[in-house]
Every structure is written in C-alpha cells, then in structure tokens.
Amino acid sequence: MLEEFFLNPFDYEFMRNALLSCFCLSLGCGPVGVFLVLRRMSLMGDALSHAVLPGAAIGYMIAGLSLPALSLGGFLAGFLVALLAGLVSRTTLLKEDASFAGFFLIALALGVFIISMRKSSIDLMNILFGSALAVTHQALLLMASITTLTLSVLAFIYRSLVVECFDPQFFQRVHGKGTLYHMLFLMLVVLNLVSGFQSMGTLLSLGIMMLPATAAQFWSRQIWSMGVLSVVFAMIAGYLGLLLSYHLNFPTGPSIVLMAGLFYIISLLVGRFGSVLQHMKNRVA
C-alpha cells in the first residue's frame, strides 16, 4: 500500500522528469534563496520573478512555446530590470527596493499585455504557472546546466557574499568590488528563476527559492547549513507536491509551493531559533 502511494507514480517517465526538475531547482534555488533572505532582498526576488515575464512574452511572440526563446528572453528581461533598478538607485534619490518595485510593476503589466495580444488564456496560464508534468529532456538539460553554473559561481564568491551580507560598506571599502558581486548574484537569481520557468512558471518559481530558505533560518545559525537545509526542504516539498498532484489531481506547481509553505509554517511555529515556540519558552523563563 505504501509502495503504491509513494513509489508507483514514478514508474511514469513524466513523473520522473518532474521529480528530477524539482531536484535540480532545489539544488540551485536553495542556496540562492538563503542569500536573498540574509541580504534582505526577498521582495527584490519577487520583483525579478515578475520581471522575466515581458522577455518570455516576446520570446513567445517570436517562437511560440519554445524553451530556448522563452528562457533567453526571460533572462535578458530580468537582468535588464536588475541593471536598470541598480542604476536608478545609484543616480537618484530612490532606494533600490522602490526602484525594483517600479520596474517590476511595469514589466508585469507589459508581459501580460504582450501575451494577451495572442488572445489565448491557455498560453497565458502556461507562461504564468508552468507545468511540471510537461518538463522535457531539453528543459532538464537546461536546469542541470544552470544548477551546475550556480553552485560553481557560489563556491567561487561564497566568502565575498557572506561578508557583503553582514557589512556591505566594509566590503566595498576593503575589496572595492561590491557592485560587481551584487550584480553577479542578481544574475544567479534571474538564471534560477528562468530555470524554474517551465515547471513552475514566472509567478510560482520564487516559491521554491524563498520558502525553504526562510524555513531553514528557524533551524540553523550557520550559512552553509541553512543552504543544505533549504535544499533538503525544497526537495521534499517537490516530492510531496508531486504525489499530492498525482493522487488528488491537484495543479502541480501550486501543490509543490504549498508543501514548501507547510515547511515554512511548521518551522515558524516550532523551529529551534526565533520560532513562536522559542519565544514562548523565553517568556516563561
């Protein structure tokens, strides 16, 4: 009975592909999400997830539901928004979060407008929410490549990112390359959002990046272990979300994000550090 519930669904190739895509996304998005949380850039991550939409929409207008066109368009649009937001925050009185908010709203409206010109709600839903059960071998190869690149770059700039997280002004004075590392990190964020494009869509891909990373903060105080925990949480959420989708005929992307949300809520309530339970214990003591 247990084998039928937990293992038999993955006898199908489309379920195995979906599971592999979740694992690839977890490996890349987990550590990136931890640094987004530590750098207090969670809402900027949300802005970038919406910013890829107009680029993907233009790619869709040119080549239809072609993964290379959608991915390239999404990456270029997202990185362009990151560059413009950074430029505006450095040349005007606007802070970076306000600059991101302005550009993301423009990008979201533009993307929906472009896709709606085709007058197909089905195509719009595919772009916005993806379809994990329709992941192709081509998409898996793209995800694996982005995950490998992400982990390689993070390993190379890990120390610099950690220092910049806690004292960016000191890092800028001593190293002098704070802006370079900041833009390189934003590029990784955009790449991983693009990586989750087909399986999770532009609106839900941030969920697998942020929810496990946020949950991990309640269980660890070391950055490397937060990264490991966020990957584990994301993988389990992907596995359970796929099972939920298969057995109960629920939409796949939302099921995965809801499982990740469940980890977040449990961690928020009973985690080892800063949870509701710990605050209650401290008040009693």
# chains A, B, ... in the order shown; residues from 1 in each chain; ligands from 1

call {"tool": "closest_atom_pairs", "arguments": {"of": "stretch 192-229 of chain A", "to": "stretch 262-282 of chain A", "cutoff": "12 Å", "atoms": "only C-alpha atoms", "output": "tab-separated table"}}
result
residue	atom	partner	partner_atom	distance
A:Gly207	CA	A:Tyr264	CA	10.9
A:Ile208	CA	A:Tyr264	CA	11.2
A:Met210	CA	A:Tyr264	CA	9.6
A:Leu211	CA	A:Tyr264	CA	6.0
A:Pro212	CA	A:Tyr264	CA	6.6
A:Ala213	CA	A:Tyr264	CA	8.7
A:Thr214	CA	A:Tyr264	CA	6.8
A:Ala215	CA	A:Tyr264	CA	4.5
A:Ala216	CA	A:Ser267	CA	7.7
A:Gln217	CA	A:Phe273	CA	7.5
A:Phe218	CA	A:Phe273	CA	4.8
A:Trp219	CA	A:Arg272	CA	5.1
A:Ser220	CA	A:Phe273	CA	7.1
A:Arg221	CA	A:Phe273	CA	8.0
A:Gln222	CA	A:Phe273	CA	11.6
A:Leu229	CA	A:Phe263	CA	11.0

call {"tool": "residues_around", "arguments": {"residues": "A:Tyr239", "least_positions_apart": "4", "cutoff": "9 Å", "atoms": "only C-alpha atoms", "output": "PyMOL selection string"}}
result
chain A and resi 19+22-23+234-235+243-244+256

call {"tool": "closest_residue", "arguments": {"among": "A:Met209, A:Met44, A:Val112, A:Leu7", "to": "A:Gly86", "atoms": "only C-alpha atoms"}}
result
A:Met44

call {"tool": "atom_distance", "arguments": {"atom1": "atom CA of A:Glu96", "atom2": "atom CA of A:Leu108"}}
result
18.0 Å

call {"tool": "closest_residue", "arguments": {"among": "A:Asn192, A:Ser116, A:Ser199, A:Gln169", "to": "A:Ile146", "atoms": "only C-alpha atoms"}}
result
A:Asn192

call {"tool": "residues_around", "arguments": {"residues": "A:Val189", "least_positions_apart": "6", "cutoff": "12 Å", "atoms": "only C-alpha atoms", "output": "PDB file with N, CA and C atoms, in the first residue's frame"}}
result
ATOM      1  N   LEU A  25      16.029  22.212  -9.442  1.00  0.00           N
ATOM      2  CA  LEU A  25      15.650  23.533  -8.940  1.00  0.00           C
ATOM      3  C   LEU A  25      16.030  23.686  -7.470  1.00  0.00           C
ATOM      4  N   GLY A  28      19.819  24.436  -6.973  1.00  0.00           N
ATOM      5  CA  GLY A  28      20.236  25.775  -7.357  1.00  0.00           C
ATOM      6  C   GLY A  28      19.541  26.864  -6.569  1.00  0.00           C
ATOM      7  N   CYS A  29      18.231  26.719  -6.394  1.00  0.00           N
ATOM      8  CA  CYS A  29      17.447  27.783  -5.758  1.00  0.00           C
ATOM      9  C   CYS A  29      17.635  27.840  -4.247  1.00  0.00           C
ATOM     10  N   GLY A  30      17.898  26.697  -3.614  1.00  0.00           N
ATOM     11  CA  GLY A  30      18.029  26.692  -2.159  1.00  0.00           C
ATOM     12  C   GLY A  30      19.106  27.640  -1.643  1.00  0.00           C
ATOM     13  N   PRO A  31      20.372  27.476  -2.066  1.00  0.00           N
ATOM     14  CA  PRO A  31      21.430  28.384  -1.584  1.00  0.00           C
ATOM     15  C   PRO A  31      21.214  29.830  -2.015  1.00  0.00           C
ATOM     16  N   VAL A  32      20.720  30.035  -3.236  1.00  0.00           N
ATOM     17  CA  VAL A  32      20.446  31.408  -3.695  1.00  0.00           C
ATOM     18  C   VAL A  32      19.381  32.049  -2.816  1.00  0.00           C
ATOM     19  N   GLY A  33      18.351  31.294  -2.458  1.00  0.00           N
ATOM     20  CA  GLY A  33      17.297  31.817  -1.598  1.00  0.00           C
ATOM     21  C   GLY A  33      17.818  32.203  -0.225  1.00  0.00           C
ATOM     22  N   VAL A  34      18.758  31.429   0.319  1.00  0.00           N
ATOM     23  CA  VAL A  34      19.340  31.755   1.627  1.00  0.00           C
ATOM     24  C   VAL A  34      20.029  33.116   1.582  1.00  0.00           C
ATOM     25  N   PHE A  35      20.802  33.364   0.533  1.00  0.00           N
ATOM     26  CA  PHE A  35      21.487  34.658   0.429  1.00  0.00           C
ATOM     27  C   PHE A  35      20.491  35.795   0.180  1.00  0.00           C
ATOM     28  N   LEU A  36      19.414  35.515  -0.540  1.00  0.00           N
ATOM     29  CA  LEU A  36      18.381  36.543  -0.695  1.00  0.00           C
ATOM     30  C   LEU A  36      17.783  36.932   0.657  1.00  0.00           C
ATOM     31  N   MET A  41      16.627  40.755   0.651  1.00  0.00           N
ATOM     32  CA  MET A  41      16.240  41.047  -0.725  1.00  0.00           C
ATOM     33  C   MET A  41      15.088  40.164  -1.184  1.00  0.00           C
ATOM     34  N   SER A  42      14.306  39.644  -0.251  1.00  0.00           N
ATOM     35  CA  SER A  42      13.232  38.719  -0.616  1.00  0.00           C
ATOM     36  C   SER A  42      12.253  39.355  -1.593  1.00  0.00           C
ATOM     37  N   MET A  44      12.839  41.831  -3.555  1.00  0.00           N
ATOM     38  CA  MET A  44      13.514  42.061  -4.836  1.00  0.00           C
ATOM     39  C   MET A  44      13.508  40.780  -5.675  1.00  0.00           C
ATOM     40  N   GLY A  45      13.618  39.636  -4.995  1.00  0.00           N
ATOM     41  CA  GLY A  45      13.489  38.373  -5.708  1.00  0.00           C
ATOM     42  C   GLY A  45      12.119  38.231  -6.335  1.00  0.00           C
ATOM     43  N   ASP A  46      11.088  38.665  -5.616  1.00  0.00           N
ATOM     44  CA  ASP A  46       9.733  38.649  -6.161  1.00  0.00           C
ATOM     45  C   ASP A  46       9.641  39.558  -7.377  1.00  0.00           C
ATOM     46  N   ALA A  47      10.264  40.724  -7.284  1.00  0.00           N
ATOM     47  CA  ALA A  47      10.248  41.656  -8.413  1.00  0.00           C
ATOM     48  C   ALA A  47      10.928  41.041  -9.637  1.00  0.00           C
ATOM     49  N   LEU A  48      12.058  40.370  -9.428  1.00  0.00           N
ATOM     50  CA  LEU A  48      12.762  39.760 -10.554  1.00  0.00           C
ATOM     51  C   LEU A  48      11.969  38.606 -11.157  1.00  0.00           C
ATOM     52  N   SER A  49      11.227  37.873 -10.314  1.00  0.00           N
ATOM     53  CA  SER A  49      10.430  36.766 -10.853  1.00  0.00           C
ATOM     54  C   SER A  49       9.352  37.271 -11.797  1.00  0.00           C
ATOM     55  N   ALA A  51       9.762  40.208 -13.406  1.00  0.00           N
ATOM     56  CA  ALA A  51      10.456  40.960 -14.449  1.00  0.00           C
ATOM     57  C   ALA A  51      10.814  40.103 -15.657  1.00  0.00           C
ATOM     58  N   VAL A  52      10.903  38.772 -15.470  1.00  0.00           N
ATOM     59  CA  VAL A  52      11.244  37.916 -16.609  1.00  0.00           C
ATOM     60  C   VAL A  52      10.080  37.772 -17.575  1.00  0.00           C
ATOM     61  N   PHE A  75      15.612  35.695 -19.302  1.00  0.00           N
ATOM     62  CA  PHE A  75      16.874  36.071 -18.657  1.00  0.00           C
ATOM     63  C   PHE A  75      17.271  37.499 -19.013  1.00  0.00           C
ATOM     64  N   GLY A  78      14.905  39.972 -17.215  1.00  0.00           N
ATOM     65  CA  GLY A  78      15.146  40.025 -15.776  1.00  0.00           C
ATOM     66  C   GLY A  78      16.448  40.719 -15.437  1.00  0.00           C
ATOM     67  N   PHE A  79      17.501  40.412 -16.181  1.00  0.00           N
ATOM     68  CA  PHE A  79      18.796  41.033 -15.899  1.00  0.00           C
ATOM     69  C   PHE A  79      18.781  42.516 -16.263  1.00  0.00           C
ATOM     70  N   ALA A  82      17.219  44.278 -13.403  1.00  0.00           N
ATOM     71  CA  ALA A  82      18.181  44.367 -12.298  1.00  0.00           C
ATOM     72  C   ALA A  82      19.190  45.491 -12.537  1.00  0.00           C
ATOM     73  N   ILE A 146      22.124  25.173 -15.486  1.00  0.00           N
ATOM     74  CA  ILE A 146      22.020  26.374 -14.642  1.00  0.00           C
ATOM     75  C   ILE A 146      22.368  26.037 -13.196  1.00  0.00           C
ATOM     76  N   THR A 147      21.932  24.879 -12.715  1.00  0.00           N
ATOM     77  CA  THR A 147      22.256  24.466 -11.352  1.00  0.00           C
ATOM     78  C   THR A 147      23.759  24.298 -11.176  1.00  0.00           C
ATOM     79  N   LEU A 149      26.158  25.716 -12.966  1.00  0.00           N
ATOM     80  CA  LEU A 149      26.771  27.042 -13.022  1.00  0.00           C
ATOM     81  C   LEU A 149      26.550  27.793 -11.708  1.00  0.00           C
ATOM     82  N   THR A 150      25.343  27.712 -11.162  1.00  0.00           N
ATOM     83  CA  THR A 150      25.024  28.414  -9.916  1.00  0.00           C
ATOM     84  C   THR A 150      25.911  27.940  -8.774  1.00  0.00           C
ATOM     85  N   LEU A 151      26.010  26.628  -8.592  1.00  0.00           N
ATOM     86  CA  LEU A 151      26.813  26.096  -7.490  1.00  0.00           C
ATOM     87  C   LEU A 151      28.297  26.422  -7.678  1.00  0.00           C
ATOM     88  N   VAL A 153      29.597  29.094  -9.303  1.00  0.00           N
ATOM     89  CA  VAL A 153      29.807  30.525  -9.043  1.00  0.00           C
ATOM     90  C   VAL A 153      29.680  30.824  -7.555  1.00  0.00           C
ATOM     91  N   LEU A 154      28.688  30.225  -6.883  1.00  0.00           N
ATOM     92  CA  LEU A 154      28.526  30.452  -5.447  1.00  0.00           C
ATOM     93  C   LEU A 154      29.745  29.963  -4.666  1.00  0.00           C
ATOM     94  N   HIS A 182      27.430  42.090  -6.349  1.00  0.00           N
ATOM     95  CA  HIS A 182      25.983  42.273  -6.241  1.00  0.00           C
ATOM     96  C   HIS A 182      25.286  41.937  -7.555  1.00  0.00           C
ATOM     97  N   MET A 183      25.811  42.446  -8.659  1.00  0.00           N
ATOM     98  CA  MET A 183      25.208  42.178  -9.963  1.00  0.00           C
ATOM     99  C   MET A 183      25.387  40.715 -10.362  1.00  0.00           C
ATOM    100  N   SER A 195      15.333  29.065 -14.772  1.00  0.00           N
ATOM    101  CA  SER A 195      15.437  27.609 -14.712  1.00  0.00           C
ATOM    102  C   SER A 195      14.111  26.966 -14.325  1.00  0.00           C
ATOM    103  N   GLY A 196      13.380  27.624 -13.426  1.00  0.00           N
ATOM    104  CA  GLY A 196      12.092  27.082 -12.994  1.00  0.00           C
ATOM    105  C   GLY A 196      10.930  27.497 -13.850  1.00  0.00           C
ATOM    106  N   SER A 205       7.810  30.257  -9.425  1.00  0.00           N
ATOM    107  CA  SER A 205       9.192  29.787  -9.329  1.00  0.00           C
ATOM    108  C   SER A 205       9.909  30.364  -8.119  1.00  0.00           C
ATOM    109  N   LEU A 206       9.501  31.552  -7.682  1.00  0.00           N
ATOM    110  CA  LEU A 206      10.131  32.142  -6.497  1.00  0.00           C
ATOM    111  C   LEU A 206       9.783  31.361  -5.233  1.00  0.00           C
ATOM    112  N   MET A 209      12.265  28.913  -4.201  1.00  0.00           N
ATOM    113  CA  MET A 209      13.514  29.579  -3.824  1.00  0.00           C
ATOM    114  C   MET A 209      13.431  30.173  -2.423  1.00  0.00           C
ATOM    115  N   MET A 210      12.304  30.813  -2.078  1.00  0.00           N
ATOM    116  CA  MET A 210      12.242  31.596  -0.849  1.00  0.00           C
ATOM    117  C   MET A 210      11.691  30.816   0.347  1.00  0.00           C
TER     118      MET A 210
END

call {"tool": "residues_around", "arguments": {"residues": "A:Thr179", "least_positions_apart": "6", "cutoff": "12 Å", "atoms": "only C-alpha atoms", "output": "ChimeraX atom specification"}}
result
/A:82-83,86-87,90,160-161,164,168-169,171-173,185-186

call {"tool": "write_last_selection", "arguments": {"atoms": "N, CA and C atoms", "output": "mmCIF file, in the first residue's frame"}}
result
data_model
loop_
_atom_site.group_PDB
_atom_site.id
_atom_site.type_symbol
_atom_site.label_atom_id
_atom_site.label_comp_id
_atom_site.auth_asym_id
_atom_site.auth_seq_id
_atom_site.Cartn_x
_atom_site.Cartn_y
_atom_site.Cartn_z
ATOM 1 N N ALA A 82 17.219 44.278 -13.403
ATOM 2 C CA ALA A 82 18.181 44.367 -12.298
ATOM 3 C C ALA A 82 19.190 45.491 -12.537
ATOM 4 N N LEU A 83 19.698 45.589 -13.756
ATOM 5 C CA LEU A 83 20.659 46.640 -14.091
ATOM 6 C C LEU A 83 20.019 48.025 -13.980
ATOM 7 N N GLY A 86 19.345 48.980 -10.334
ATOM 8 C CA GLY A 86 20.591 49.359 -9.678
ATOM 9 C C GLY A 86 21.079 50.723 -10.119
ATOM 10 N N LEU A 87 20.956 51.009 -11.418
ATOM 11 C CA LEU A 87 21.394 52.297 -11.955
ATOM 12 C C LEU A 87 20.554 53.435 -11.386
ATOM 13 N N ARG A 90 21.352 54.308 -7.795
ATOM 14 C CA ARG A 90 22.651 54.953 -7.604
ATOM 15 C C ARG A 90 22.722 56.361 -8.191
ATOM 16 N N SER A 160 32.973 36.231 -0.249
ATOM 17 C CA SER A 160 32.656 37.634 -0.525
ATOM 18 C C SER A 160 31.180 37.921 -0.271
ATOM 19 N N LEU A 161 30.307 37.001 -0.652
ATOM 20 C CA LEU A 161 28.873 37.190 -0.418
ATOM 21 C C LEU A 161 28.554 37.218 1.071
ATOM 22 N N GLU A 164 29.658 40.553 2.460
ATOM 23 C CA GLU A 164 28.788 41.631 1.990
ATOM 24 C C GLU A 164 27.410 41.566 2.635
ATOM 25 N N PRO A 168 28.183 45.396 4.086
ATOM 26 C CA PRO A 168 28.473 45.757 2.697
ATOM 27 C C PRO A 168 29.379 46.978 2.561
ATOM 28 N N GLN A 169 29.278 47.928 3.473
ATOM 29 C CA GLN A 169 30.120 49.119 3.393
ATOM 30 C C GLN A 169 31.588 48.771 3.644
ATOM 31 N N PHE A 171 32.921 45.819 3.126
ATOM 32 C CA PHE A 171 33.360 45.041 1.971
ATOM 33 C C PHE A 171 33.706 45.956 0.787
ATOM 34 N N GLN A 172 32.894 46.997 0.585
ATOM 35 C CA GLN A 172 33.138 47.920 -0.515
ATOM 36 C C GLN A 172 34.437 48.694 -0.307
ATOM 37 N N ARG A 173 34.694 49.101 0.935
ATOM 38 C CA ARG A 173 35.913 49.863 1.208
ATOM 39 C C ARG A 173 37.156 49.003 1.061
ATOM 40 N N PHE A 185 25.453 38.227 -8.301
ATOM 41 C CA PHE A 185 24.457 37.489 -7.517
ATOM 42 C C PHE A 185 23.063 37.650 -8.114
ATOM 43 N N LEU A 186 22.713 38.859 -8.520
ATOM 44 C CA LEU A 186 21.396 39.071 -9.143
ATOM 45 C C LEU A 186 21.272 38.271 -10.434
#
